[in-house]
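For reference, my_file34.pdb is printed below; it contains PDB, C-alpha atoms.
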```pdb
ATOM      1  CA  GLY A   1      -8.450  24.555  43.921  1.00  0.00           C
ATOM      2  CA  ALA A   2      -8.752  26.461  47.221  1.00  0.00           C
ATOM      3  CA  PRO A   3      -5.010  27.394  47.575  1.00  0.00           C
ATOM      4  CA  GLY A   4      -5.172  29.196  44.239  1.00  0.00           C
ATOM      5  CA  GLY A   5      -5.972  26.659  41.575  1.00  0.00           C
ATOM      6  CA  PHE A   6      -9.343  28.293  40.940  1.00  0.00           C
ATOM      7  CA  LEU A   7      -7.485  31.439  39.838  1.00  0.00           C
ATOM      8  CA  VAL A   8      -5.906  29.590  36.896  1.00  0.00           C
ATOM      9  CA  PRO A   9      -8.366  29.601  33.997  1.00  0.00           C
ATOM     10  CA  GLU A  10      -8.982  26.430  32.115  1.00  0.00           C
ATOM     11  CA  GLU A  11      -8.110  26.292  28.470  1.00  0.00           C
ATOM     12  CA  PHE A  12     -10.304  24.853  25.753  1.00  0.00           C
ATOM     13  CA  ARG A  13      -9.182  23.944  22.287  1.00  0.00           C
ATOM     14  CA  SER A  14     -11.871  23.797  19.623  1.00  0.00           C
ATOM     15  CA  THR A  15     -10.256  20.868  17.843  1.00  0.00           C
ATOM     16  CA  LEU A  16     -12.320  17.706  17.845  1.00  0.00           C
ATOM     17  CA  MET A  17     -10.446  14.429  18.200  1.00  0.00           C
ATOM     18  CA  SER A  18     -12.082  11.578  16.278  1.00  0.00           C
ATOM     19  CA  LEU A  19     -11.285   8.089  15.125  1.00  0.00           C
ATOM     20  CA  SER A  20     -10.581   7.643  11.440  1.00  0.00           C
ATOM     21  CA  LEU A  21     -12.764   5.063   9.739  1.00  0.00           C
ATOM     22  CA  GLU A  22     -11.519   2.485   7.292  1.00  0.00           C
ATOM     23  CA  ALA A  23     -11.209   3.735   3.728  1.00  0.00           C
ATOM     24  CA  ALA A  24     -13.801   2.629   1.199  1.00  0.00           C
ATOM     25  CA  VAL A  25     -12.603  -0.215  -1.014  1.00  0.00           C
ATOM     26  CA  ILE A  26     -15.745  -1.641  -2.669  1.00  0.00           C
ATOM     27  CA  ARG A  27     -17.538   1.420  -4.050  1.00  0.00           C
ATOM     28  CA  PRO A  28     -14.449   2.932  -5.758  1.00  0.00           C
ATOM     29  CA  ALA A  29     -14.000  -0.357  -7.661  1.00  0.00           C
ATOM     30  CA  ALA A  30     -17.687  -0.855  -8.464  1.00  0.00           C
ATOM     31  CA  MET A  31     -19.714  -0.025 -11.553  1.00  0.00           C
ATOM     32  CA  VAL A  32     -22.163   2.569 -10.190  1.00  0.00           C
ATOM     33  CA  ILE A  33     -25.437   2.654 -12.148  1.00  0.00           C
ATOM     34  CA  PRO A  34     -27.643   5.744 -11.590  1.00  0.00           C
ATOM     35  CA  MET A  35     -31.311   4.893 -10.955  1.00  0.00           C
ATOM     36  CA  PRO A  36     -33.999   7.518 -11.746  1.00  0.00           C
ATOM     37  CA  ARG A  37     -36.666   5.158 -10.316  1.00  0.00           C
ATOM     38  CA  GLY A  38     -36.881   2.614  -7.522  1.00  0.00           C
ATOM     39  CA  THR A  39     -36.415  -0.307  -9.932  1.00  0.00           C
ATOM     40  CA  LEU A  40     -34.078  -0.592 -12.884  1.00  0.00           C
ATOM     41  CA  ARG A  41     -34.103  -3.610 -15.227  1.00  0.00           C
ATOM     42  CA  PHE A  42     -31.597  -4.351 -17.955  1.00  0.00           C
ATOM     43  CA  PRO A  43     -30.815  -7.330 -20.185  1.00  0.00           C
ATOM     44  CA  VAL A  44     -27.832  -9.563 -19.513  1.00  0.00           C
ATOM     45  CA  ILE A  45     -26.233 -12.538 -21.238  1.00  0.00           C
ATOM     46  CA  ARG A  46     -26.839 -15.688 -19.206  1.00  0.00           C
ATOM     47  CA  ASP A  47     -23.404 -17.264 -19.132  1.00  0.00           C
ATOM     48  CA  SER A  48     -22.470 -19.395 -16.120  1.00  0.00           C
ATOM     49  CA  SER A  49     -20.202 -22.041 -17.660  1.00  0.00           C
ATOM     50  CA  HIS A  50     -17.831 -22.360 -20.606  1.00  0.00           C
ATOM     51  CA  ALA A  51     -17.635 -26.144 -20.321  1.00  0.00           C
ATOM     52  CA  SER A  52     -19.690 -26.857 -23.461  1.00  0.00           C
ATOM     53  CA  SER A  53     -20.746 -23.493 -24.894  1.00  0.00           C
ATOM     54  CA  LEU A  54     -20.172 -19.742 -24.706  1.00  0.00           C
ATOM     55  CA  PHE A  55     -22.590 -16.914 -23.896  1.00  0.00           C
ATOM     56  CA  GLY A  56     -25.250 -19.355 -22.743  1.00  0.00           C
ATOM     57  CA  GLY A  57     -25.385 -21.518 -25.878  1.00  0.00           C
ATOM     58  CA  ILE A  58     -23.110 -20.452 -28.732  1.00  0.00           C
ATOM     59  CA  ILE A  59     -21.100 -23.355 -30.119  1.00  0.00           C
ATOM     60  CA  ALA A  60     -18.729 -23.232 -33.107  1.00  0.00           C
ATOM     61  CA  TYR A  61     -18.170 -26.404 -35.136  1.00  0.00           C
ATOM     62  CA  TRP A  62     -15.367 -27.500 -37.428  1.00  0.00           C
ATOM     63  CA  THR A  63     -17.166 -28.091 -40.707  1.00  0.00           C
ATOM     64  CA  ALA A  64     -15.941 -29.686 -43.905  1.00  0.00           C
ATOM     65  CA  GLU A  65     -16.433 -28.039 -47.308  1.00  0.00           C
ATOM     66  CA  SER A  66     -20.134 -28.046 -48.241  1.00  0.00           C
ATOM     67  CA  GLY A  67     -20.886 -29.623 -44.876  1.00  0.00           C
ATOM     68  CA  THR A  68     -24.042 -28.966 -42.908  1.00  0.00           C
ATOM     69  CA  MET A  69     -23.813 -26.178 -40.368  1.00  0.00           C
ATOM     70  CA  THR A  70     -25.430 -26.494 -36.947  1.00  0.00           C
ATOM     71  CA  ALA A  71     -27.274 -23.570 -35.422  1.00  0.00           C
ATOM     72  CA  SER A  72     -26.689 -22.351 -31.874  1.00  0.00           C
ATOM     73  CA  ASP A  73     -28.012 -19.371 -29.974  1.00  0.00           C
ATOM     74  CA  PRO A  74     -26.892 -17.195 -27.068  1.00  0.00           C
ATOM     75  CA  ALA A  75     -29.071 -17.103 -23.948  1.00  0.00           C
ATOM     76  CA  PHE A  76     -30.391 -13.893 -22.437  1.00  0.00           C
ATOM     77  CA  ALA A  77     -31.871 -12.979 -19.085  1.00  0.00           C
ATOM     78  CA  GLN A  78     -32.995  -9.893 -17.218  1.00  0.00           C
ATOM     79  CA  ALA A  79     -31.377  -8.386 -14.131  1.00  0.00           C
ATOM     80  CA  ALA A  80     -33.196  -6.056 -11.765  1.00  0.00           C
ATOM     81  CA  LEU A  81     -31.764  -3.450  -9.411  1.00  0.00           C
ATOM     82  CA  LEU A  82     -34.019  -2.529  -6.478  1.00  0.00           C
ATOM     83  CA  ALA A  83     -33.179   0.699  -4.676  1.00  0.00           C
ATOM     84  CA  LYS A  84     -32.912   0.554  -0.884  1.00  0.00           C
ATOM     85  CA  LYS A  85     -32.430   3.618   1.292  1.00  0.00           C
ATOM     86  CA  LEU A  86     -29.648   3.945   3.873  1.00  0.00           C
ATOM     87  CA  THR A  87     -30.493   6.691   6.358  1.00  0.00           C
ATOM     88  CA  GLY A  88     -29.142   8.390   9.462  1.00  0.00           C
ATOM     89  CA  VAL A  89     -30.743  11.076  11.618  1.00  0.00           C
ATOM     90  CA  THR A  90     -29.813  13.127  14.649  1.00  0.00           C
ATOM     91  CA  SER A  91     -31.187  16.183  16.427  1.00  0.00           C
ATOM     92  CA  ALA A  92     -29.576  19.338  17.778  1.00  0.00           C
ATOM     93  CA  SER A  93     -31.251  22.217  19.566  1.00  0.00           C
ATOM     94  CA  ASN A  94     -30.990  25.794  18.314  1.00  0.00           C
ATOM     95  CA  GLU A  95     -29.051  26.687  21.450  1.00  0.00           C
ATOM     96  CA  LEU A  96     -26.539  23.927  20.889  1.00  0.00           C
ATOM     97  CA  LEU A  97     -26.037  25.000  17.285  1.00  0.00           C
ATOM     98  CA  ALA A  98     -25.580  28.618  18.349  1.00  0.00           C
ATOM     99  CA  ASP A  99     -23.425  28.108  21.439  1.00  0.00           C
ATOM    100  CA  SER A 100     -21.216  25.130  20.629  1.00  0.00           C
ATOM    101  CA  ALA A 101     -17.515  25.903  20.369  1.00  0.00           C
ATOM    102  CA  ILE A 102     -17.412  23.386  17.543  1.00  0.00           C
ATOM    103  CA  ALA A 103     -19.060  24.262  14.214  1.00  0.00           C
ATOM    104  CA  LEU A 104     -21.692  21.623  14.827  1.00  0.00           C
ATOM    105  CA  GLU A 105     -23.519  21.774  11.511  1.00  0.00           C
ATOM    106  CA  ALA A 106     -20.296  21.433   9.541  1.00  0.00           C
ATOM    107  CA  LEU A 107     -19.222  18.606  11.856  1.00  0.00           C
ATOM    108  CA  LEU A 108     -22.446  16.669  11.359  1.00  0.00           C
ATOM    109  CA  MET A 109     -22.240  17.191   7.598  1.00  0.00           C
ATOM    110  CA  ARG A 110     -18.844  15.480   7.737  1.00  0.00           C
ATOM    111  CA  LEU A 111     -19.642  12.717  10.230  1.00  0.00           C
ATOM    112  CA  PHE A 112     -22.829  11.416   8.632  1.00  0.00           C
ATOM    113  CA  PRO A 113     -21.434  10.906   5.110  1.00  0.00           C
ATOM    114  CA  GLU A 114     -18.442   9.075   6.610  1.00  0.00           C
ATOM    115  CA  ALA A 115     -20.766   6.893   8.694  1.00  0.00           C
ATOM    116  CA  ILE A 116     -22.995   6.144   5.699  1.00  0.00           C
ATOM    117  CA  ARG A 117     -19.941   5.182   3.664  1.00  0.00           C
ATOM    118  CA  TRP A 118     -18.828   2.817   6.432  1.00  0.00           C
ATOM    119  CA  PHE A 119     -22.238   1.111   6.656  1.00  0.00           C
ATOM    120  CA  GLU A 120     -22.330   0.854   2.855  1.00  0.00           C
ATOM    121  CA  GLU A 121     -19.006  -0.962   2.788  1.00  0.00           C
ATOM    122  CA  GLU A 122     -20.114  -3.261   5.609  1.00  0.00           C
ATOM    123  CA  ALA A 123     -23.213  -4.210   3.602  1.00  0.00           C
ATOM    124  CA  PHE A 124     -21.255  -4.605   0.348  1.00  0.00           C
ATOM    125  CA  ILE A 125     -19.126  -7.248   2.085  1.00  0.00           C
ATOM    126  CA  ASN A 126     -21.489  -8.849   4.642  1.00  0.00           C
ATOM    127  CA  GLY A 127     -24.989  -7.722   3.614  1.00  0.00           C
ATOM    128  CA  SER A 128     -27.843 -10.256   3.757  1.00  0.00           C
ATOM    129  CA  GLY A 129     -29.708  -8.961   0.701  1.00  0.00           C
ATOM    130  CA  ALA A 130     -32.901  -8.446   2.759  1.00  0.00           C
ATOM    131  CA  GLY A 131     -33.591  -4.728   2.566  1.00  0.00           C
ATOM    132  CA  GLU A 132     -29.876  -4.088   2.035  1.00  0.00           C
ATOM    133  CA  PRO A 133     -27.204  -4.993  -0.528  1.00  0.00           C
ATOM    134  CA  LEU A 134     -26.315  -8.652  -0.973  1.00  0.00           C
ATOM    135  CA  GLY A 135     -22.758  -8.826   0.330  1.00  0.00           C
ATOM    136  CA  ILE A 136     -19.851 -10.690  -1.230  1.00  0.00           C
ATOM    137  CA  VAL A 137     -19.664 -13.384   1.454  1.00  0.00           C
ATOM    138  CA  ASN A 138     -23.413 -14.165   1.160  1.00  0.00           C
ATOM    139  CA  SER A 139     -23.622 -14.040  -2.636  1.00  0.00           C
ATOM    140  CA  PRO A 140     -24.325 -17.218  -4.631  1.00  0.00           C
ATOM    141  CA  ALA A 141     -21.426 -16.098  -6.841  1.00  0.00           C
ATOM    142  CA  LEU A 142     -18.981 -16.617  -3.957  1.00  0.00           C
ATOM    143  CA  VAL A 143     -16.189 -19.085  -4.722  1.00  0.00           C
ATOM    144  CA  SER A 144     -14.665 -20.742  -1.647  1.00  0.00           C
ATOM    145  CA  VAL A 145     -11.327 -22.556  -1.660  1.00  0.00           C
ATOM    146  CA  ALA A 146     -10.844 -25.482   0.722  1.00  0.00           C
ATOM    147  CA  LYS A 147      -7.921 -25.496   3.129  1.00  0.00           C
ATOM    148  CA  GLU A 148      -5.050 -27.916   2.683  1.00  0.00           C
ATOM    149  CA  THR A 149      -5.109 -31.422   4.137  1.00  0.00           C
ATOM    150  CA  ASN A 150      -4.316 -31.310   7.886  1.00  0.00           C
ATOM    151  CA  GLN A 151      -4.029 -27.514   7.783  1.00  0.00           C
ATOM    152  CA  PRO A 152      -4.927 -26.071  11.212  1.00  0.00           C
ATOM    153  CA  ALA A 153      -8.001 -23.854  11.410  1.00  0.00           C
ATOM    154  CA  SER A 154      -7.589 -20.065  11.220  1.00  0.00           C
ATOM    155  CA  THR A 155      -4.280 -20.296   9.379  1.00  0.00           C
ATOM    156  CA  ILE A 156      -3.087 -19.295   5.907  1.00  0.00           C
ATOM    157  CA  VAL A 157      -0.477 -21.105   3.862  1.00  0.00           C
ATOM    158  CA  ALA A 158       0.977 -20.134   0.497  1.00  0.00           C
ATOM    159  CA  GLU A 159      -0.978 -22.912  -1.230  1.00  0.00           C
ATOM    160  CA  ASN A 160      -4.252 -21.264  -0.144  1.00  0.00           C
ATOM    161  CA  ILE A 161      -3.315 -18.104  -2.013  1.00  0.00           C
ATOM    162  CA  ASP A 162      -2.139 -20.103  -5.034  1.00  0.00           C
ATOM    163  CA  LYS A 163      -5.512 -21.833  -5.281  1.00  0.00           C
ATOM    164  CA  MET A 164      -7.513 -18.666  -4.655  1.00  0.00           C
ATOM    165  CA  TYR A 165      -5.649 -16.955  -7.469  1.00  0.00           C
ATOM    166  CA  ALA A 166      -6.227 -19.968  -9.723  1.00  0.00           C
ATOM    167  CA  ARG A 167      -9.991 -19.793  -9.141  1.00  0.00           C
ATOM    168  CA  MET A 168     -10.175 -16.112 -10.060  1.00  0.00           C
ATOM    169  CA  LEU A 169     -11.906 -15.242 -13.321  1.00  0.00           C
ATOM    170  CA  PRO A 170      -8.964 -14.693 -15.704  1.00  0.00           C
ATOM    171  CA  SER A 171     -10.464 -11.516 -17.179  1.00  0.00           C
ATOM    172  CA  SER A 172     -10.688 -10.048 -13.659  1.00  0.00           C
ATOM    173  CA  ARG A 173      -7.071 -10.551 -12.648  1.00  0.00           C
ATOM    174  CA  SER A 174      -5.947  -7.168 -13.977  1.00  0.00           C
ATOM    175  CA  ARG A 175      -8.356  -5.285 -11.690  1.00  0.00           C
ATOM    176  CA  ALA A 176      -8.904  -7.598  -8.702  1.00  0.00           C
ATOM    177  CA  ILE A 177      -8.035  -6.677  -5.115  1.00  0.00           C
ATOM    178  CA  TRP A 178      -7.436  -8.731  -1.969  1.00  0.00           C
ATOM    179  CA  LEU A 179      -9.511  -7.926   1.122  1.00  0.00           C
ATOM    180  CA  ALA A 180      -8.191  -9.074   4.489  1.00  0.00           C
ATOM    181  CA  ASN A 181      -8.909  -8.456   8.145  1.00  0.00           C
ATOM    182  CA  SER A 182      -5.980  -6.961  10.054  1.00  0.00           C
ATOM    183  CA  ASP A 183      -5.824 -10.154  12.127  1.00  0.00           C
ATOM    184  CA  VAL A 184      -4.609 -11.917   8.970  1.00  0.00           C
ATOM    185  CA  TYR A 185      -1.361  -9.928   8.875  1.00  0.00           C
ATOM    186  CA  PRO A 186       0.703 -12.244  11.157  1.00  0.00           C
ATOM    187  CA  GLN A 187      -0.234 -15.173   8.921  1.00  0.00           C
ATOM    188  CA  LEU A 188       0.829 -13.291   5.784  1.00  0.00           C
ATOM    189  CA  ALA A 189       4.071 -12.159   7.389  1.00  0.00           C
ATOM    190  CA  SER A 190       5.038 -15.753   8.170  1.00  0.00           C
ATOM    191  CA  LEU A 191       4.122 -17.217   4.778  1.00  0.00           C
ATOM    192  CA  ALA A 192       6.834 -19.576   3.532  1.00  0.00           C
ATOM    193  CA  ARG A 193       7.236 -22.134   0.802  1.00  0.00           C
ATOM    194  CA  ALA A 194       9.216 -25.363   1.005  1.00  0.00           C
ATOM    195  CA  VAL A 195      12.281 -25.436  -1.256  1.00  0.00           C
ATOM    196  CA  GLY A 196      13.962 -28.847  -1.259  1.00  0.00           C
ATOM    197  CA  THR A 197      14.803 -29.685   2.337  1.00  0.00           C
ATOM    198  CA  GLY A 198      14.539 -26.049   3.435  1.00  0.00           C
ATOM    199  CA  GLY A 199      12.238 -23.157   2.713  1.00  0.00           C
ATOM    200  CA  SER A 200      12.013 -19.427   2.221  1.00  0.00           C
ATOM    201  CA  ALA A 201       9.714 -16.530   3.029  1.00  0.00           C
ATOM    202  CA  VAL A 202       7.384 -15.623   0.166  1.00  0.00           C
ATOM    203  CA  TRP A 203       5.755 -12.352   1.262  1.00  0.00           C
ATOM    204  CA  LEU A 204       7.753 -10.544   3.949  1.00  0.00           C
ATOM    205  CA  ALA A 205      11.460 -11.018   3.263  1.00  0.00           C
ATOM    206  CA  ASN A 206      12.745  -8.892   6.166  1.00  0.00           C
ATOM    207  CA  MET A 207      11.659  -6.242   8.653  1.00  0.00           C
ATOM    208  CA  ALA A 208      13.978  -3.484   7.473  1.00  0.00           C
ATOM    209  CA  GLY A 209      11.324  -1.802   5.362  1.00  0.00           C
ATOM    210  CA  GLY A 210       7.556  -1.638   5.260  1.00  0.00           C
ATOM    211  CA  PRO A 211       5.513  -4.735   4.410  1.00  0.00           C
ATOM    212  CA  PRO A 212       4.377  -5.356   0.828  1.00  0.00           C
ATOM    213  CA  THR A 213       1.107  -3.766  -0.262  1.00  0.00           C
ATOM    214  CA  SER A 214       0.191  -6.426  -2.791  1.00  0.00           C
ATOM    215  CA  VAL A 215      -0.242 -10.169  -3.165  1.00  0.00           C
ATOM    216  CA  MET A 216       0.319 -11.801  -6.555  1.00  0.00           C
ATOM    217  CA  GLY A 217       0.689  -8.312  -7.986  1.00  0.00           C
ATOM    218  CA  ARG A 218      -2.770  -7.162  -6.874  1.00  0.00           C
ATOM    219  CA  PRO A 219      -3.441  -4.559  -4.126  1.00  0.00           C
ATOM    220  CA  LEU A 220      -3.946  -5.836  -0.586  1.00  0.00           C
ATOM    221  CA  MET A 221      -6.554  -3.886   1.403  1.00  0.00           C
ATOM    222  CA  PHE A 222      -6.998  -4.425   5.131  1.00  0.00           C
TER     223      PHE A 222
END
```
Show the structure stored in the file as structure tokens.
Amino acid sequence: GAPGGFLVPEEFRSTLMSLSLEAAVIRPAAMVIPMPRGTLRFPVIRDSSHASSLFGGIIAYWTAESGTMTASDPAFAQAALLAKKLTGVTSASNELLADSAIALEALLMRLFPEAIRWFEEEAFINGSGAGEPLGIVNSPALVSVAKETNQPASTIVAENIDKMYARMLPSSRSRAIWLANSDVYPQLASLARAVGTGGSAVWLANMAGGPPTSVMGRPLMF
């Protein structure tokens, strides 16, 4: 500085660099139900298995002419939504608001909604259900598919995806999505299936273009 560097003014650019958060994937695909009160109850059909009946108890019988008909009834239940509040707070002095080279109020109004969205998505996937949403991986509705015999831990083979797809509710296949951590990508890129005495890649055929964005025809979200 002493030989003249102090004479060169510093420059400041009022552009804030920030890290982009992951895009929301759960809320855009969800059925959002407005709640005017803290609790909302609504009736549902209790249907957990189609092994012997439909809609919780309806059974149709093949009946001969003038034969006796057998009664059956659907089963109903009640679901309850309990509102929980996700909050964030910060503080800024009047001087900071007035003197900052960045439009601080506008910045905070952008950062907090993005942060809330991120914490929402985290809870939708991993939430415990205690004071927060019950996440997918902790839900009693979760269906887990066992790995193949002698398959090493932390690996994915094509048969895993076959069996996951087979366990999907058929009526959901037209709107389902795959969620994967970015660490899964190398496993997907190397997926192969045995063909006779050889084999072939089943997801990433070559590296000339970008990787596929779907698996089994459904979107893949990292």
Any idea what's packed within 8 Å of A:Leu21, counting only C-alpha atoms, ignoring anything in its chain fewer than 2 positions away? Could you give it as a count of residues only?
-> 4
Residues near A:Phe124, cut-off 12 Å, all atoms listed in the file, skip fewer than 2 positions along chain, as a PyMOL selection string = chain A and resi 24-30+117-122+126-129+132-139
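The shell of residues at most 12 Å from A:Ser49, with all atoms listed in the file counted and near chain neighbours (fewer than 6 positions) removed, consists of Phe55, Gly56, Gly57, Ile58, Ala75 and Leu169 of chain A.
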Contact table stretch 113-172 of chain A vs stretch 202-209 of chain A, cut-off 12 Å, shortest pair per residue, only C-alpha atoms, as CSV:
```
residue,atom,partner,partner_atom,distance
A:Val157,CA,A:Val202,CA,10.3
A:Ala158,CA,A:Val202,CA,7.8
A:Glu159,CA,A:Val202,CA,11.2
A:Ile161,CA,A:Val202,CA,11.2
A:Asp162,CA,A:Val202,CA,11.7
```
For those residues, write C-alpha atoms to a file as a short mmCIF file (atom, residue, chain, number, x, y, z; two decimals), in the coordinates of the input.
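After the write, selection_22.cif holds the following:
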```
data_model
loop_
_atom_site.label_atom_id
_atom_site.label_comp_id
_atom_site.auth_asym_id
_atom_site.auth_seq_id
_atom_site.Cartn_x
_atom_site.Cartn_y
_atom_site.Cartn_z
CA VAL A 157 -0.48 -21.10 3.86
CA ALA A 158 0.98 -20.13 0.50
CA GLU A 159 -0.98 -22.91 -1.23
CA ILE A 161 -3.32 -18.10 -2.01
CA ASP A 162 -2.14 -20.10 -5.03
#
```
Two-atom distance - atom CA of A:Thr15, atom CA of A:Ala103 (Å) =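 Going from atom CA of A:Thr15 over to atom CA of A:Ala103, I get 10.1 Å.
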From the list A:Leu191, A:Ala141, A:Met109, A:Met216, which residue is nearest A:Ala176 when using all atoms listed in the file?
-> A:Met216
Quick one: residues within 12 Å of (-4.2, -20.0, 10.2) (file frame), counting all atoms listed in the file, please, as a count of residues only.
-> 21
Among listed residues A:Met164, A:Ile102, A:Ala71, A:Ile59, nearest A:Phe12 (using all atoms listed in the file) | A:Ile102
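What separates atom CA of A:Ser171 from atom CA of A:Met31 is a distance of 15.8 Å.
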Do you have the atom CA of A:Leu111-atom CA of A:Pro219 distance handy?
->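 Spanning atom CA of A:Leu111 to atom CA of A:Pro219 is a straight-line distance of 27.7 Å.
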Identify which of the residues A:Ile116, A:Ala201, A:Ile125, A:Ala192 lies closest to A:Ala180, counting only C-alpha atoms when measuring atom-to-atom distances.
->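 Among A:Ile116, A:Ala201, A:Ile125, A:Ala192, it is A:Ile125 that comes nearest to A:Ala180.
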Calculate, to one decimal in Å, the centre and edge lengths of the box along x, y and z of the file that holds all listed atoms of stretch 143-149 of chain A with 6 Å of margin on each side, and present them as AutoDock Vina command-line options.
```
--center_x -10.6 --center_y -25.3 --center_z -0.3 --size_x 23.1 --size_y 24.3 --size_z 20.9
```
Pick from A:Met69, A:Leu40, A:Ala115, A:Ile33: nearest to A:Val89, with only C-alpha atoms counted?
->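 So, comparing all the options, the nearest one is A:Ala115.
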Nearest-residue call for A:Leu81, choices A:Val145, A:Met168, A:Phe6, A:Pro34, using all atoms listed in the file = A:Pro34
